[in-house]
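Please read the structure below before turning to the comments.
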2 protein chains.
Amino acid sequence: MLKIGICGYGTVGQSLVDHVLSYNKKIRSNVSSDFTIARIADRSIDKKEYPKDTIVTKDPLDLPADSNIDIIIELLGGIDLPYKIITESIRNKKHIITANKALIAEHGDEIFQLAKENNVYFGFEASVAGAIPIINTINKNMANENIISLVGIINGTCNYILDQMASCDMSFDDALSSAKELGYAEADPTFDINGMDAAHKISILSSLVYKIKSPLKKTYIQGIENITSMDIKFASELGYCIKHVGISRKVDESIECMAHPVLIEKENIFSNVGGVMNALMVKGDRFGTSMLYGNGAGGKATASAVISNLVDAINFATGVDISSIHISNNSASNNISIKNYNDISSPFYMRIYAEDISGVMAEITKILAKESISIEAVTQHEPADKNSLIPIVMITNSVSYLSVKNSIKKIENLEHVKESVFSIRVLKSDEK
Amino acid sequence: MLKIGICGYGTVGQSLVDHVLSYNKKIRSNVSSDFTIARIADRSIDKKEYPKDTIVTKDPLDLPADSNIDIIIELLGGIDLPYKIITESIRNKKHIITANKALIAEHGDEIFQLAKENNVYFGFEASVAGAIPIINTINKNMANENIISLVGIINGTCNYILDQMASCDMSFDDALSSAKELGYAEADPTFDINGMDAAHKISILSSLVYKIKSPLKKTYIQGIENITSMDIKFASELGYCIKHVGISRKVDESIECMAHPVLIEKENIFSNVGGVMNALMVKGDRFGTSMLYGNGAGGKATASAVISNLVDAINFATGVDISSIHISNNSASNNISIKNYNDISSPFYMRIYAEDISGVMAEITKILAKESISIEAVTQHEPADKNSLIPIVMITNSVSYLSVKNSIKKIENLEHVKESVFSIRVLKSDEK
């Protein structure tokens, strides 16, 4: 009888317990040992229901020391306390499951190593893209060839906001309010909106795909705060939609790892991922292009991913499936440099606001030509009224971001160009 | 050193060998034992290249008896010979990998049982949807809750033809010719076009999802031969596209298992699966709606799926991962009846050709009313010229197919209705 301890009893924790109890027979049929939820740590014990025969305790730090417990499921959130619980538990030979992306992106390398040394299972399927089994798929089915690229819509809040802006012609602020009302954005949505959440996730995926240490600190991060409904309209006119994605891609012996908005061609199935849904498109040298799509968040979906890890943990503990030792052994075995965003080569979308005076366009194109940037597509609209600025929007050829940045500086210095120039990377399907 | 024997050295076999040789180090890092391709059976030994140190033999029946070989990969096609090779190999305690969907749909129950009795690995990831890891995902990540439904675009030829008819306004015959030219349809595409290939695949998936014996013989099968470009246009006007899908779904303690064309709402991401691509949409009680998308065929993609099974087979043989015994133990453990197509309840698309005479529509609606069928949407066009028939196209409410069939019989007997009445099931997203 394996004993499970759960740290944290919020939405995911409660969904998890409900799932375990509701589908006990089904889960039991996938493992060789019986199991029980022995202890739950809940800092706010109140009128919640707990399974009978389960010890409920206030302090989650009680669990790592409980010699009775075999498997710890960490669902607390935050970094310092989970780090302490998980590392102590591993030293006490407990198997670990967590949904904590920030923790893994920050301390994953150390935890992988510790888990390996102590021969325990370490599962974190729920940390990226909720119910989508991307981690298992990368580690197993896609682990036997080169992965050319992975692009993921991995922040549901961003995707919902951009989707609302596009389909309902909403402003960023209205879309964000709508997301909050529907529970798709947290009270403080900073880490979703500014790209940090997606950066955590793409760092985890990059480290798994390319067997490198977490590239979080070198990950280029750009949020969606500066995207206006005008950008979405202009992109649409040019045949694109705007999505916030995480990208991990091997180019010329270095790895691009970034979380930023991109323009994606409307014909690409990826552009049809709407609402809060998540999706990951992986391109393999042999299997070609695959996409996994599903719920990226929510108590039930996250708990479902935790349960798939729980089955693996039980099978690991009973010696039925110790294949994750290969994953541990391979982890961080490569030392590949992370590309600086300045050095990436890509087409870019540029949005410039200028006074409606003849000659401005000529000045802009002259600056671009000096940086060897050519314009693949351009759209220029009439000003809203006599005194307002004209928006000039263009898609460049594939160039380095450094060239784009340099030309932006010069364009911003032009007399008749007002406001900052805004750029977004364009992701063409042949690049994926 | 585990020894692998390959039966069949066509496109997939050659891609497989190339994959194993090109990615040997990577594959080796995912297993605990070294391995080699010891023997290849190729009935047409000619100028093909074979790996050095590999014995090449003409008769695939030599391999089951070869005591040197640990793992057999069957890539022959057909049913009788593969059946013989696989069952003999299992009796000789060899682990088995196959991509042969017809064989598994026909004899899978017996082979599962035999593999269990002999404690050998039996993998067939490549038999359904090529590179998409649907079998592993169903058996592992999605195995811990109720699966409400699985709907799959699992025949690339059908999808290509319907997609071409829709996007390039092609006739069925022209689209089929184009598919043949591009190698997307075989010289004899009968089993693709008539739905049999999809029926094999959905039978396999049904048996895995619901732990039942292969429902092939009770699977309702309808091809795409009778779909005209008019149907595609009319469906589009009503907000739908037409896709050929396999459906497996539990309704009222019985299982729907069918391979047939359906109308799908254009907003559904599933309707954006174009060309020869495959996709599977699975709805779980907890994880919600997930979709897996990718290459359903092709030598490299199929070989990639075979390799993922090869890693599992090696890990099974070395005792690193024997978790597939749980899948074997659960197989065919449920006895659930398969729903007759007459009894399914669904909205339907109906296409009727009638003479342009007043009163016809009234007669039709009277017949439908008698069968308690109401019309949710209807579109009626002008006749092409004075003498031609008018097409009447409608979407019904959710009714039994028996009612639809009965009303079709009566409608076809009307004096002014000419040609057969054609019906297609409509799949609404709330049904998935």
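By convention here, the chains of the structure tokens are called A, B, ... in the order presented, each chain's residues are numbered starting at 1, and ligands are numbered starting at 1 in the order presented.
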Long-range neighbours of segment 378-388 of chain B as an MDAnalysis selection string, 9 Å cut-off, only C-alpha atoms, 6 positions minimum in chain: chainID B and resid 234 237:238 354:356 394:396
Would you save the residues from that selection as a compact mmCIF listing (two decimals), in the first residue's frame, using C-alpha atoms?
# COMPACT_ATOMS: atom_id res chain seq x y z
CA PHE B 234 -24.31 23.46 -49.43
CA GLU B 237 -23.46 27.74 -46.82
CA LEU B 238 -24.94 26.26 -43.68
CA ALA B 354 -36.75 17.45 -56.87
CA GLU B 355 -38.54 18.89 -59.84
CA ASP B 356 -39.20 22.60 -59.59
CA MET B 394 -31.50 20.59 -44.89
CA ILE B 395 -30.15 19.96 -41.40
CA THR B 396 -32.52 18.11 -39.11
Using only C-alpha atoms, find the residues of chain B whose closest atom to chain A is at most 6 Å away, then write them as a ChimeraX atom specification. /B:26-27,30,131,141,144,286-287,289-294,300-301,304,308,320-323,326
Give me the residues near segment 34-46 of chain B as a ChimeraX atom specification, where near means some atom within 9 Å (using only C-alpha atoms) and where sequence neighbours in that chain fewer than 3 positions away do not count. /B:1-10,17,20,28,31,49-51,53-63,68-69,314
Find the residue from A:Ser345, A:Asn118, A:Ser403, A:Gln113 that sits nearest to Ser89 of chain A; use only C-alpha atoms when measuring.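 Smallest separation from Ser89 of chain A among the options: A:Asn118.
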Sel. of alpha helix (DSSP H) residues, segment 79-153 of chain B, as a ChimeraX atom specification: /B:80-91,101-117,134-139
Kindly export the residues of the current selection with C-alpha atoms, as an mmCIF file, in the first residue's frame.
data_model
loop_
_atom_site.group_PDB
_atom_site.id
_atom_site.type_symbol
_atom_site.label_atom_id
_atom_site.label_comp_id
_atom_site.auth_asym_id
_atom_site.auth_seq_id
_atom_site.Cartn_x
_atom_site.Cartn_y
_atom_site.Cartn_z
ATOM 1 C CA ASP B 80 -2.633 -14.077 -43.292
ATOM 2 C CA LEU B 81 1.152 -14.085 -43.519
ATOM 3 C CA PRO B 82 1.633 -11.391 -40.818
ATOM 4 C CA TYR B 83 -0.804 -13.301 -38.592
ATOM 5 C CA LYS B 84 1.271 -16.440 -38.987
ATOM 6 C CA ILE B 85 4.566 -14.633 -38.403
ATOM 7 C CA ILE B 86 3.346 -12.744 -35.356
ATOM 8 C CA THR B 87 1.611 -15.644 -33.603
ATOM 9 C CA GLU B 88 4.567 -17.980 -34.213
ATOM 10 C CA SER B 89 6.987 -15.317 -33.031
ATOM 11 C CA ILE B 90 5.018 -14.729 -29.850
ATOM 12 C CA ARG B 91 4.950 -18.463 -29.122
ATOM 13 C CA LYS B 101 -4.067 -2.048 -38.738
ATOM 14 C CA ALA B 102 -6.083 -4.619 -40.717
ATOM 15 C CA LEU B 103 -4.420 -7.452 -38.808
ATOM 16 C CA ILE B 104 -5.046 -5.877 -35.403
ATOM 17 C CA ALA B 105 -8.630 -4.934 -36.205
ATOM 18 C CA GLU B 106 -9.269 -8.523 -37.344
ATOM 19 C CA HIS B 107 -7.097 -10.580 -34.971
ATOM 20 C CA GLY B 108 -5.993 -8.131 -32.286
ATOM 21 C CA ASP B 109 -8.017 -9.778 -29.485
ATOM 22 C CA GLU B 110 -6.301 -13.106 -30.038
ATOM 23 C CA ILE B 111 -2.848 -11.535 -30.402
ATOM 24 C CA PHE B 112 -3.264 -9.433 -27.222
ATOM 25 C CA GLN B 113 -4.198 -12.593 -25.322
ATOM 26 C CA LEU B 114 -1.316 -14.579 -26.775
ATOM 27 C CA ALA B 115 1.165 -11.791 -25.991
ATOM 28 C CA LYS B 116 -0.108 -11.695 -22.415
ATOM 29 C CA GLU B 117 0.200 -15.465 -21.981
ATOM 30 C CA ILE B 134 -2.595 8.408 -30.046
ATOM 31 C CA ILE B 135 -2.253 4.831 -28.813
ATOM 32 C CA ASN B 136 0.314 5.684 -26.173
ATOM 33 C CA THR B 137 -1.696 8.733 -25.106
ATOM 34 C CA ILE B 138 -4.934 6.755 -24.777
ATOM 35 C CA ASN B 139 -3.231 3.915 -22.949
#
Got a sec: who's within 10 Å of Asp231 of chain B, counting only C-alpha atoms, leaving out chain neighbours fewer than 5 positions off, as a VMD selection string? chain B and resid 166 226 236 to 237 241 to 242 349 to 351 391 393 422 to 424
Just the residues within 9 Å of Ile367 of chain B, please, counting only C-alpha atoms, with nothing from its chain fewer than 4 positions along; format it as a list in words. Ala362, Glu363, Glu371, Ser372, Ile373, Ser407, Ile408, Lys410 and Ile411 of chain B
